[in-house]
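Shown next: work_7.txt, containing compact mmCIF, C-alpha atoms and all ligand atoms.
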# COMPACT_ATOMS: atom_id res chain seq x y z
CA MET A 30 241.70 59.99 70.41
CA MET A 31 238.66 58.35 72.05
CA PRO A 32 235.33 59.19 70.36
CA ALA A 33 232.97 61.33 72.44
CA PRO A 34 230.48 59.08 74.34
CA GLU A 35 227.53 60.64 72.49
CA ASN A 36 229.15 59.68 69.15
CA THR A 37 229.61 56.09 70.28
CA ALA A 38 225.99 55.94 71.42
CA ARG A 39 224.81 57.35 68.07
CA GLN A 40 226.96 54.84 66.17
CA LEU A 41 225.46 52.03 68.23
CA LEU A 42 221.93 53.28 67.54
CA ASP A 43 222.75 53.57 63.81
CA PHE A 44 224.07 50.01 63.92
CA TYR A 45 220.83 48.79 65.55
CA LEU A 46 218.72 50.71 63.04
CA GLU A 47 220.59 49.24 60.10
CA ALA A 48 220.13 45.78 61.59
CA GLY A 49 216.37 46.43 61.65
CA ALA A 50 216.00 46.99 65.42
CA ASP A 51 213.92 50.15 65.17
CA ALA A 52 211.23 49.45 67.73
CA LEU A 53 211.21 49.97 71.48
CA VAL A 54 209.93 46.88 73.28
CA GLY A 55 210.39 47.98 76.88
CA GLU A 56 210.88 51.07 79.00
CA ALA A 57 213.97 49.79 80.83
CA PRO A 58 217.04 47.98 79.46
CA VAL A 59 217.39 44.29 80.31
CA ASP A 60 220.83 42.72 80.82
CA ARG A 61 220.30 39.38 79.07
CA PHE A 62 223.90 38.29 79.78
CA ALA A 63 223.31 38.66 83.52
CA ALA A 64 219.99 36.81 83.19
CA ALA A 65 221.78 33.95 81.39
CA ASP A 66 224.06 33.46 84.42
CA GLU A 67 221.12 33.07 86.79
CA PRO A 68 220.05 29.50 87.59
CA ALA A 69 217.24 28.28 85.33
CA PRO A 70 213.80 28.52 86.97
CA VAL A 71 212.46 25.25 88.29
CA ARG A 72 209.70 23.95 86.04
CA VAL A 73 206.48 23.51 87.97
CA ALA A 74 203.49 21.42 87.06
CA ARG A 75 200.87 23.25 85.11
CA ALA A 76 198.35 25.01 87.34
CA PRO A 77 194.98 23.23 87.21
CA GLU A 78 193.13 26.33 85.97
CA ARG A 79 195.37 26.42 82.89
CA ALA A 80 194.29 22.89 81.94
CA ALA A 81 190.65 23.99 82.08
CA PRO A 82 190.50 27.31 80.22
CA PRO A 83 188.22 30.04 81.59
CA ALA A 84 184.85 30.56 79.91
CA ASP A 85 186.14 33.51 77.85
CA ILE A 86 189.37 32.01 76.61
CA THR A 87 190.32 35.10 74.63
CA ARG A 88 190.75 36.93 77.96
CA PRO A 89 193.06 35.03 80.31
CA SER A 90 192.85 36.04 83.93
CA PRO A 91 195.44 38.69 84.89
CA ALA A 92 197.03 36.24 87.31
CA LEU A 93 197.64 33.71 84.56
CA ALA A 94 198.84 36.31 82.09
CA ALA A 95 201.37 37.57 84.62
CA ALA A 96 202.49 34.07 85.63
CA ALA A 97 203.67 32.87 82.22
CA PRO A 98 203.19 33.60 78.55
CA GLN A 99 200.69 31.25 76.94
CA ALA A 100 202.26 28.13 75.46
CA PRO A 101 202.08 28.18 71.63
CA ASP A 102 199.79 25.16 71.35
CA GLU A 103 197.43 26.69 73.91
CA ALA A 104 197.51 29.98 72.05
CA ILE A 105 196.63 28.21 68.79
CA MET A 106 193.72 26.42 70.50
CA ALA A 107 192.51 29.68 72.02
CA ALA A 108 192.77 31.40 68.63
CA ARG A 109 190.74 28.62 66.98
CA GLN A 110 188.06 28.82 69.65
CA ALA A 111 187.84 32.60 69.46
CA ALA A 112 187.86 32.78 65.66
CA LYS A 113 185.15 30.21 65.19
CA CYS A 114 182.87 32.11 67.61
CA ALA A 115 183.01 35.27 65.47
CA ALA A 116 179.90 35.52 63.33
CA THR A 117 180.88 38.78 61.60
CA LEU A 118 184.06 40.63 60.68
CA ASP A 119 183.37 43.17 63.44
CA GLU A 120 183.14 40.35 65.98
CA LEU A 121 186.32 38.84 64.62
CA ARG A 122 188.12 42.17 64.94
CA ALA A 123 186.90 42.48 68.53
CA MET A 124 188.03 38.92 69.32
CA LEU A 125 191.44 39.65 67.89
CA GLU A 126 191.73 42.89 69.89
CA LYS A 127 191.17 40.87 73.09
CA PHE A 128 193.45 37.99 72.09
CA ASP A 129 196.71 37.90 74.06
CA GLY A 130 198.20 34.68 72.65
CA CYS A 131 200.63 36.35 70.24
CA ALA A 132 203.59 38.15 71.82
CA LEU A 133 203.82 40.56 68.87
CA LYS A 134 200.83 42.39 70.32
CA GLY A 135 203.09 43.60 73.12
CA SER A 136 205.56 45.37 70.86
CA ALA A 137 203.19 46.66 68.17
CA THR A 138 201.61 50.11 68.36
CA GLN A 139 198.22 48.80 67.31
CA MET A 140 196.49 45.97 65.53
CA VAL A 141 196.19 46.11 61.73
CA PHE A 142 193.03 44.23 60.82
CA ALA A 143 192.12 44.96 57.20
CA ASP A 144 191.35 47.50 54.53
CA GLY A 145 189.05 47.52 51.55
CA ASN A 146 185.65 46.16 50.74
CA PRO A 147 184.39 43.15 52.77
CA GLN A 148 182.10 42.34 49.82
CA ALA A 149 185.01 42.18 47.37
CA LYS A 150 185.50 39.25 45.02
CA VAL A 151 189.27 39.47 45.44
CA MET A 152 191.04 39.17 48.79
CA LEU A 153 194.78 39.76 49.12
CA VAL A 154 196.72 38.51 52.12
CA GLY A 155 200.20 39.81 52.97
CA GLU A 156 202.62 38.78 55.65
CA ALA A 157 202.52 41.30 58.50
CA PRO A 158 202.27 45.06 58.97
CA GLY A 159 205.41 47.15 58.63
CA ARG A 160 206.31 50.42 60.29
CA ASP A 161 203.85 52.62 58.35
CA GLU A 162 201.00 50.15 58.79
CA ASP A 163 201.74 49.92 62.53
CA ILE A 164 201.41 53.69 62.77
CA GLU A 165 198.30 54.05 60.59
CA GLY A 166 196.50 50.86 61.60
CA LEU A 167 195.86 49.86 57.96
CA PRO A 168 197.56 47.23 55.80
CA PHE A 169 199.81 48.15 52.87
CA VAL A 170 199.99 51.89 53.29
CA GLY A 171 203.79 52.25 53.04
CA ARG A 172 206.00 52.04 49.96
CA SER A 173 205.02 48.47 49.13
CA GLY A 174 201.38 49.44 49.58
CA LYS A 175 201.74 52.25 47.04
CA LEU A 176 203.18 49.74 44.58
CA LEU A 177 200.35 47.32 45.35
CA ASP A 178 197.83 50.10 44.62
CA ARG A 179 199.48 50.70 41.23
CA MET A 180 199.46 46.98 40.44
CA LEU A 181 195.77 46.77 41.33
CA ALA A 182 194.99 49.89 39.26
CA ALA A 183 196.69 48.24 36.27
CA ILE A 184 193.97 45.57 36.27
CA GLY A 185 191.15 47.99 37.06
CA LEU A 186 190.94 47.37 40.81
CA ASP A 187 191.38 49.52 43.89
CA ARG A 188 190.64 49.36 47.60
CA SER A 189 186.92 49.67 46.99
CA SER A 190 186.97 46.47 44.94
CA VAL A 191 189.40 44.32 46.94
CA TYR A 192 189.81 43.34 50.59
CA ILE A 193 193.31 43.31 52.10
CA ALA A 194 194.57 41.62 55.26
CA ASN A 195 197.71 40.02 56.64
CA ILE A 196 198.54 36.63 58.16
CA VAL A 197 199.75 38.38 61.31
CA PRO A 198 197.94 41.56 62.40
CA TRP A 199 200.74 42.99 64.57
CA ARG A 200 204.03 44.39 63.35
CA PRO A 201 207.04 42.16 64.13
CA PRO A 202 209.84 44.30 65.63
CA GLY A 203 212.22 45.60 62.99
CA ASN A 204 209.88 44.35 60.23
CA ARG A 205 211.27 40.84 60.51
CA THR A 206 209.34 37.97 58.96
CA PRO A 207 206.88 36.53 61.49
CA THR A 208 208.10 33.24 62.90
CA PRO A 209 206.17 30.12 61.79
CA GLN A 210 204.90 29.94 65.37
CA GLU A 211 203.53 33.51 65.30
CA SER A 212 201.90 32.78 61.94
CA GLN A 213 200.31 29.57 63.21
CA ILE A 214 198.95 31.35 66.28
CA CYS A 215 197.32 34.06 64.13
CA LEU A 216 196.26 31.71 61.32
CA PRO A 217 192.80 30.78 62.70
CA PHE A 218 191.85 34.48 62.64
CA VAL A 219 192.86 35.08 59.04
CA LEU A 220 191.21 31.82 57.97
CA ARG A 221 187.97 32.95 59.57
CA GLN A 222 188.44 36.39 57.97
CA ILE A 223 188.65 34.70 54.55
CA GLU A 224 185.59 32.59 55.34
CA LEU A 225 183.58 35.67 56.36
CA VAL A 226 184.66 37.77 53.37
CA ASP A 227 184.01 34.77 51.12
CA PRO A 228 185.94 36.06 48.09
CA ASP A 229 186.03 34.29 44.71
CA ILE A 230 189.77 34.75 44.41
CA LEU A 231 192.52 34.76 47.02
CA VAL A 232 195.90 36.32 46.23
CA CYS A 233 198.77 35.39 48.56
CA LEU A 234 201.35 38.16 48.59
CA GLY A 235 204.76 36.58 49.09
CA GLY A 236 206.10 33.19 50.13
CA PRO A 237 205.20 33.24 53.84
CA SER A 238 201.58 34.10 53.05
CA ALA A 239 201.35 31.37 50.38
CA GLN A 240 203.05 28.77 52.54
CA THR A 241 200.91 29.54 55.58
CA LEU A 242 197.56 29.74 53.78
CA LEU A 243 198.04 27.04 51.19
CA GLY A 244 200.07 24.68 53.36
CA ILE A 245 202.80 24.41 50.73
CA LYS A 246 206.55 24.16 51.23
CA ASP A 247 207.82 25.38 47.85
CA GLY A 248 209.17 28.91 47.64
CA ILE A 249 207.36 31.74 45.89
CA THR A 250 209.52 31.58 42.73
CA LYS A 251 208.18 28.09 42.12
CA THR A 252 204.56 28.66 43.12
CA ARG A 253 203.81 32.17 41.83
CA GLY A 254 201.41 32.37 38.93
CA ARG A 255 199.91 28.94 39.62
CA TRP A 256 196.30 28.46 40.61
CA PHE A 257 195.65 26.50 43.79
CA THR A 258 192.38 25.41 45.32
CA PHE A 259 191.60 26.94 48.68
CA ASN A 260 188.76 25.74 50.88
CA THR A 261 187.30 28.73 52.72
CA GLY A 262 185.20 26.55 55.00
CA LYS A 263 182.15 27.48 52.93
CA ARG A 264 183.38 26.51 49.46
CA GLU A 265 186.41 26.01 47.25
CA ILE A 266 187.86 29.06 45.59
CA ARG A 267 190.90 29.81 43.47
CA ALA A 268 194.08 31.05 45.08
CA MET A 269 197.22 32.41 43.50
CA PRO A 270 200.58 33.16 45.12
CA THR A 271 202.49 36.09 43.67
CA PHE A 272 205.55 38.11 44.57
CA HIS A 273 205.28 40.42 47.56
CA PRO A 274 205.39 44.12 46.52
CA ALA A 275 208.27 44.72 48.96
CA PHE A 276 210.28 42.11 47.05
CA LEU A 277 209.36 43.79 43.76
CA LEU A 278 210.68 47.10 45.10
CA ARG A 279 214.01 45.41 45.71
CA SER A 280 213.96 43.37 42.47
CA PRO A 281 212.12 45.47 39.86
CA LEU A 282 212.98 43.04 37.05
CA GLN A 283 210.58 40.53 38.64
CA LYS A 284 207.66 42.91 38.12
CA ARG A 285 207.01 41.36 34.70
CA PHE A 286 206.10 38.09 36.43
CA ALA A 287 203.83 39.82 38.92
CA TRP A 288 202.21 41.60 35.98
CA ARG A 289 201.44 38.21 34.39
CA ASP A 290 199.97 37.01 37.69
CA PHE A 291 197.76 40.05 38.01
CA LEU A 292 196.57 39.60 34.40
CA SER A 293 195.58 36.01 35.30
CA VAL A 294 193.60 37.37 38.24
CA LYS A 295 191.86 39.87 35.95
CA LYS A 296 191.02 37.09 33.48
CA ALA A 297 189.72 34.81 36.25
CA LEU A 298 187.50 37.63 37.52
CA ALA A 299 185.94 38.04 34.10
CA GLU A 300 185.10 34.34 33.75
N1 LIG B 401 203.88 44.08 54.06
C1 LIG B 401 202.88 43.21 54.36
O1 LIG B 401 203.03 42.01 54.18
N2 LIG B 401 201.77 43.71 54.86
C2 LIG B 401 201.57 45.01 55.06
O2 LIG B 401 200.49 45.38 55.50
C3 LIG B 401 202.60 45.88 54.72
C4 LIG B 401 203.75 45.41 54.23
File written out as structure tokens:
Amino acid sequence: MMPAPENTARQLLDFYLEAGADALVGEAPVDRFAAADEPAPVRVARAPERAAPPADITRPSPALAAAAPQAPDEAIMAARQAAKCAATLDELRAMLEKFDGCALKGSATQMVFADGNPQAKVMLVGEAPGRDEDIEGLPFVGRSGKLLDRMLAAIGLDRSSVYIANIVPWRPPGNRTPTPQESQICLPFVLRQIELVDPDILVCLGGPSAQTLLGIKDGITKTRGRWFTFNTGKREIRAMPTFHPAFLLRSPLQKRFAWRDFLSVKKALAE
């Protein structure tokens, strides 16, 4: 017997959900197979106004935005320009709100900038917001955030004594890891955020955060627990990669290593 159409549709939706596709990115379906059969668009020379960016490069003209998505290298340049102009965290947040160079902005509900105390001595940087963060507009508020809060409490810290941000401030669809390109586009903003917060200690939560911020290739199992030097732009501070709380939820046996890392942070703070 054929399954009822509504059952097939539900099974398909369940399949998508399980595969992590839990976000709506457009109002109407797009037939990508049909699009693939169409002849490739002819590449045209870059319009002169694109070569010379408008005065406010964080706000491309609507015509340009509609014509083509910004090329990644242009987006990185625009992000650098915008981030360096921000004199305060509020200005940086405003710059980031206006920035259209990262496509994740289009699928996210809202931007997730930061939480905690901008005067904190410890700054933690995660990867990207998940579903709960996308809804609430704050980093680490879901299950991994609850674990992070408990880990911080274990060394006498909480959100009034740390500052928390992410490499990428928009949720990637389905909570996938941001692509290296998305991370590089957003990197100038988080670098400026670190410079403006000016913490004594930087904690990179998870491999992608450590690799992006510290410019290292090794995976988190190799780098966690080690102190690195990080130049904020103002001065050199200590930085430590540790396991991401979401990983610890999946692999609770690894918590003992994260515990050691957090004890090192506590010790460093007391020095
Ligand atoms: N994971 C992250 O890396 N950041 C968040 O804000 C939440 C989950």
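Distances from A:Phe272, A:Trp288, A:Phe257, A:Trp199 to Gly159 of chain A were compared using only C-alpha atoms, and the smallest one belongs to A:Trp199.
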Distance table requested - chain A against ligand LIG 401 (chain B), cut-off 6 Å, only C-alpha atoms and all ligand atoms: one row per qualifying residue with the closest atom pair and its distance in Å to one decimal, ordered by chain and rising residue number, as JSON lines.
{"residue": "A:Gly155", "atom": "CA", "partner": "B:LIG401", "partner_atom": "O1", "distance": 3.8}
{"residue": "A:Glu156", "atom": "CA", "partner": "B:LIG401", "partner_atom": "O1", "distance": 3.6}
{"residue": "A:Ala157", "atom": "CA", "partner": "B:LIG401", "partner_atom": "O1", "distance": 4.4}
{"residue": "A:Pro158", "atom": "CA", "partner": "B:LIG401", "partner_atom": "O2", "distance": 3.9}
{"residue": "A:Gly159", "atom": "CA", "partner": "B:LIG401", "partner_atom": "C3", "distance": 5.0}
{"residue": "A:Glu162", "atom": "CA", "partner": "B:LIG401", "partner_atom": "O2", "distance": 5.8}
{"residue": "A:Pro168", "atom": "CA", "partner": "B:LIG401", "partner_atom": "O2", "distance": 3.5}
{"residue": "A:Phe169", "atom": "CA", "partner": "B:LIG401", "partner_atom": "O2", "distance": 3.9}
{"residue": "A:Asn195", "atom": "CA", "partner": "B:LIG401", "partner_atom": "N2", "distance": 5.8}
Subject >> Pairwise distance for atom CA of Ile193 of chain A and atom CA of Leu282 of chain A, rounded to one decimal in Å >> reply: 24.8 Å
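Compared by their closest atoms to Thr206 of chain A, and using all atoms listed in the file, the residues A:Met124, A:Ala143, A:Leu133, A:Ile184 rank with A:Leu133 nearest.
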**OP:** Name the closest residue to Leu216 of chain A among the candidates A:Ala33, A:Glu300, A:Ala112, A:Arg200; distances are taken between atoms, counting only C-alpha atoms.
**Re:** A:Ala112
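Straight-line separation from atom CA of Lys127 of chain A to atom CA of Leu220 of chain A: 17.6 Å.
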Original post:
Which of these residues is nearest to Asp290 of chain A, using only C-alpha atoms: A:Glu211, A:Asp119, A:Met180, A:Ile223?
Top reply: A:Met180
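For the choices A:Leu186, A:Val197, A:Ile245, A:Val170, the atom-to-atom distance to Cys215 of chain A is smallest for A:Val197 when using all atoms listed in the file.
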Subject >> Proximity to Lys150 of chain A - best of A:Ala137, A:Ala268, A:Ile230, A:Leu292, only C-alpha atoms >> reply: A:Ile230
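Counting from atom CA of Thr271 of chain A, the distance to atom CA of Leu242 of chain A is 12.9 Å.
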Using 5 Å of padding on each side, determine the axis-aligned box around all atoms of segment 219-237 of chain A present in the file and give its centre and edge lengths in Å to one decimal, as lines of an AutoDock Vina configuration file.
center_x = 194.8
center_y = 35.0
center_z = 52.0
size_x = 32.5
size_y = 16.3
size_z = 25.2
Selection: 12 Å around Ala123 of chain A, only C-alpha atoms, excl. self and same-chain fewer than 3 positions, as an mmCIF file with C-alpha atoms, in the coordinates of the input:
data_model
loop_
_atom_site.group_PDB
_atom_site.id
_atom_site.type_symbol
_atom_site.label_atom_id
_atom_site.label_comp_id
_atom_site.auth_asym_id
_atom_site.auth_seq_id
_atom_site.Cartn_x
_atom_site.Cartn_y
_atom_site.Cartn_z
ATOM 1 C CA THR A 87 190.320 35.100 74.630
ATOM 2 C CA ARG A 88 190.750 36.930 77.960
ATOM 3 C CA ALA A 111 187.840 32.600 69.460
ATOM 4 C CA ALA A 112 187.860 32.780 65.660
ATOM 5 C CA CYS A 114 182.870 32.110 67.610
ATOM 6 C CA ALA A 115 183.010 35.270 65.470
ATOM 7 C CA ALA A 116 179.900 35.520 63.330
ATOM 8 C CA THR A 117 180.880 38.780 61.600
ATOM 9 C CA LEU A 118 184.060 40.630 60.680
ATOM 10 C CA ASP A 119 183.370 43.170 63.440
ATOM 11 C CA GLU A 120 183.140 40.350 65.980
ATOM 12 C CA GLU A 126 191.730 42.890 69.890
ATOM 13 C CA LYS A 127 191.170 40.870 73.090
ATOM 14 C CA PHE A 128 193.450 37.990 72.090
ATOM 15 C CA MET A 140 196.490 45.970 65.530
ATOM 16 C CA PHE A 142 193.030 44.230 60.820
ATOM 17 C CA PHE A 218 191.850 34.480 62.640
#
Original post:
Any idea what's packed within 7 Å of Leu231 of chain A, counting all atoms listed in the file, ignoring anything in its chain fewer than 3 positions away? Could you give it as a ChimeraX atom specification?
Top reply: /A:151-153,228,267-269
Take the residues just selected and output them with C-alpha atoms as a PDB file, in the frame of the given file.
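Result file follows (result-v1.pdb):
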ATOM      1  CA  VAL A 151     189.270  39.470  45.440  1.00  0.00           C
ATOM      2  CA  MET A 152     191.040  39.170  48.790  1.00  0.00           C
ATOM      3  CA  LEU A 153     194.780  39.760  49.120  1.00  0.00           C
ATOM      4  CA  PRO A 228     185.940  36.060  48.090  1.00  0.00           C
ATOM      5  CA  ARG A 267     190.900  29.810  43.470  1.00  0.00           C
ATOM      6  CA  ALA A 268     194.080  31.050  45.080  1.00  0.00           C
ATOM      7  CA  MET A 269     197.220  32.410  43.500  1.00  0.00           C
TER       8      MET A 269
END
**OP:** Extract, using only C-alpha atoms, all DNA, RNA and protein residues at most 8 Å from Ala275 of chain A, discarding same-chain residues fewer than 4 positions from it, and format them as a list of chain:residue names.
**Re:** A:Arg172, A:Ser173, A:Arg279
Since the input lacks some atoms of segment 98-109 of chain A, please model all heavy atoms and print them as a PDB file, in the coordinates of the input.
ATOM      1  N   PRO A  98     203.812  33.395  79.849  1.00  0.00           N
ATOM      2  CA  PRO A  98     203.190  33.600  78.550  1.00  0.00           C
ATOM      3  C   PRO A  98     202.498  32.309  78.133  1.00  0.00           C
ATOM      4  O   PRO A  98     202.935  31.219  78.518  1.00  0.00           O
ATOM      5  CB  PRO A  98     204.358  33.941  77.631  1.00  0.00           C
ATOM      6  CG  PRO A  98     205.587  33.508  78.347  1.00  0.00           C
ATOM      7  CD  PRO A  98     205.256  33.427  79.805  1.00  0.00           C
ATOM      8  N   GLN A  99     201.425  32.429  77.352  1.00  0.00           N
ATOM      9  CA  GLN A  99     200.690  31.250  76.940  1.00  0.00           C
ATOM     10  C   GLN A  99     201.567  30.361  76.063  1.00  0.00           C
ATOM     11  O   GLN A  99     202.297  30.855  75.208  1.00  0.00           O
ATOM     12  CB  GLN A  99     199.487  31.742  76.130  1.00  0.00           C
ATOM     13  CG  GLN A  99     198.349  30.800  76.090  1.00  0.00           C
ATOM     14  CD  GLN A  99     197.127  31.499  75.533  1.00  0.00           C
ATOM     15  OE1 GLN A  99     197.221  32.498  74.834  1.00  0.00           O
ATOM     16  NE2 GLN A  99     195.966  30.976  75.844  1.00  0.00           N
ATOM     17  N   ALA A 100     201.501  29.058  76.297  1.00  0.00           N
ATOM     18  CA  ALA A 100     202.260  28.130  75.460  1.00  0.00           C
ATOM     19  C   ALA A 100     201.693  28.200  74.039  1.00  0.00           C
ATOM     20  O   ALA A 100     200.488  28.381  73.884  1.00  0.00           O
ATOM     21  CB  ALA A 100     202.148  26.723  76.018  1.00  0.00           C
ATOM     22  N   PRO A 101     202.548  28.025  73.009  1.00  0.00           N
ATOM     23  CA  PRO A 101     202.080  28.180  71.630  1.00  0.00           C
ATOM     24  C   PRO A 101     200.890  27.299  71.287  1.00  0.00           C
ATOM     25  O   PRO A 101     199.939  27.759  70.647  1.00  0.00           O
ATOM     26  CB  PRO A 101     203.298  27.812  70.787  1.00  0.00           C
ATOM     27  CG  PRO A 101     204.467  27.993  71.681  1.00  0.00           C
ATOM     28  CD  PRO A 101     203.988  27.778  73.080  1.00  0.00           C
ATOM     29  N   ASP A 102     200.926  26.026  71.732  1.00  0.00           N
ATOM     30  CA  ASP A 102     199.790  25.160  71.350  1.00  0.00           C
ATOM     31  C   ASP A 102     198.503  25.613  72.027  1.00  0.00           C
ATOM     32  O   ASP A 102     197.418  25.544  71.452  1.00  0.00           O
ATOM     33  CB  ASP A 102     200.104  23.680  71.634  1.00  0.00           C
ATOM     34  CG  ASP A 102     200.563  23.443  73.054  1.00  0.00           C
ATOM     35  OD1 ASP A 102     200.950  24.426  73.718  1.00  0.00           O
ATOM     36  OD2 ASP A 102     200.542  22.284  73.512  1.00  0.00           O
ATOM     37  N   GLU A 103     198.624  26.143  73.235  1.00  0.00           N
ATOM     38  CA  GLU A 103     197.430  26.690  73.910  1.00  0.00           C
ATOM     39  C   GLU A 103     196.938  27.931  73.193  1.00  0.00           C
ATOM     40  O   GLU A 103     195.735  28.152  73.055  1.00  0.00           O
ATOM     41  CB  GLU A 103     197.763  27.070  75.361  1.00  0.00           C
ATOM     42  CG  GLU A 103     197.886  25.893  76.285  1.00  0.00           C
ATOM     43  CD  GLU A 103     198.251  26.341  77.698  1.00  0.00           C
ATOM     44  OE1 GLU A 103     198.039  27.515  78.036  1.00  0.00           O
ATOM     45  OE2 GLU A 103     198.754  25.501  78.449  1.00  0.00           O
ATOM     46  N   ALA A 104     197.887  28.752  72.755  1.00  0.00           N
ATOM     47  CA  ALA A 104     197.510  29.980  72.050  1.00  0.00           C
ATOM     48  C   ALA A 104     196.788  29.641  70.744  1.00  0.00           C
ATOM     49  O   ALA A 104     195.794  30.283  70.377  1.00  0.00           O
ATOM     50  CB  ALA A 104     198.747  30.830  71.768  1.00  0.00           C
ATOM     51  N   ILE A 105     197.276  28.603  70.056  1.00  0.00           N
ATOM     52  CA  ILE A 105     196.630  28.210  68.790  1.00  0.00           C
ATOM     53  C   ILE A 105     195.206  27.710  69.069  1.00  0.00           C
ATOM     54  O   ILE A 105     194.256  28.071  68.379  1.00  0.00           O
ATOM     55  CB  ILE A 105     197.470  27.127  68.057  1.00  0.00           C
ATOM     56  CG1 ILE A 105     198.798  27.734  67.597  1.00  0.00           C
ATOM     57  CG2 ILE A 105     196.713  26.549  66.874  1.00  0.00           C
ATOM     58  CD1 ILE A 105     199.803  26.730  67.032  1.00  0.00           C
ATOM     59  N   MET A 106     195.061  26.923  70.136  1.00  0.00           N
ATOM     60  CA  MET A 106     193.720  26.420  70.500  1.00  0.00           C
ATOM     61  C   MET A 106     192.795  27.586  70.841  1.00  0.00           C
ATOM     62  O   MET A 106     191.635  27.624  70.421  1.00  0.00           O
ATOM     63  CB  MET A 106     193.815  25.489  71.722  1.00  0.00           C
ATOM     64  CG  MET A 106     194.473  24.158  71.466  1.00  0.00           C
ATOM     65  SD  MET A 106     193.601  23.215  70.227  1.00  0.00           S
ATOM     66  CE  MET A 106     192.131  22.801  71.145  1.00  0.00           C
ATOM     67  N   ALA A 107     193.331  28.527  71.621  1.00  0.00           N
ATOM     68  CA  ALA A 107     192.510  29.680  72.020  1.00  0.00           C
ATOM     69  C   ALA A 107     192.121  30.494  70.788  1.00  0.00           C
ATOM     70  O   ALA A 107     190.982  30.977  70.672  1.00  0.00           O
ATOM     71  CB  ALA A 107     193.289  30.558  73.002  1.00  0.00           C
ATOM     72  N   ALA A 108     193.067  30.644  69.845  1.00  0.00           N
ATOM     73  CA  ALA A 108     192.770  31.400  68.630  1.00  0.00           C
ATOM     74  C   ALA A 108     191.676  30.699  67.823  1.00  0.00           C
ATOM     75  O   ALA A 108     190.750  31.336  67.315  1.00  0.00           O
ATOM     76  CB  ALA A 108     194.044  31.544  67.785  1.00  0.00           C
ATOM     77  N   ARG A 109     191.758  29.378  67.735  1.00  0.00           N
ATOM     78  CA  ARG A 109     190.740  28.620  66.980  1.00  0.00           C
ATOM     79  C   ARG A 109     189.363  28.801  67.611  1.00  0.00           C
ATOM     80  O   ARG A 109     188.368  29.033  66.926  1.00  0.00           O
ATOM     81  CB  ARG A 109     191.086  27.126  66.981  1.00  0.00           C
ATOM     82  CG  ARG A 109     192.188  26.817  66.019  1.00  0.00           C
ATOM     83  CD  ARG A 109     192.305  25.309  65.822  1.00  0.00           C
ATOM     84  NE  ARG A 109     193.544  25.047  65.112  1.00  0.00           N
ATOM     85  CZ  ARG A 109     194.348  24.023  65.345  1.00  0.00           C
ATOM     86  NH1 ARG A 109     194.032  23.133  66.264  1.00  0.00           N
ATOM     87  NH2 ARG A 109     195.449  23.856  64.656  1.00  0.00           N
TER      88      ARG A 109
END
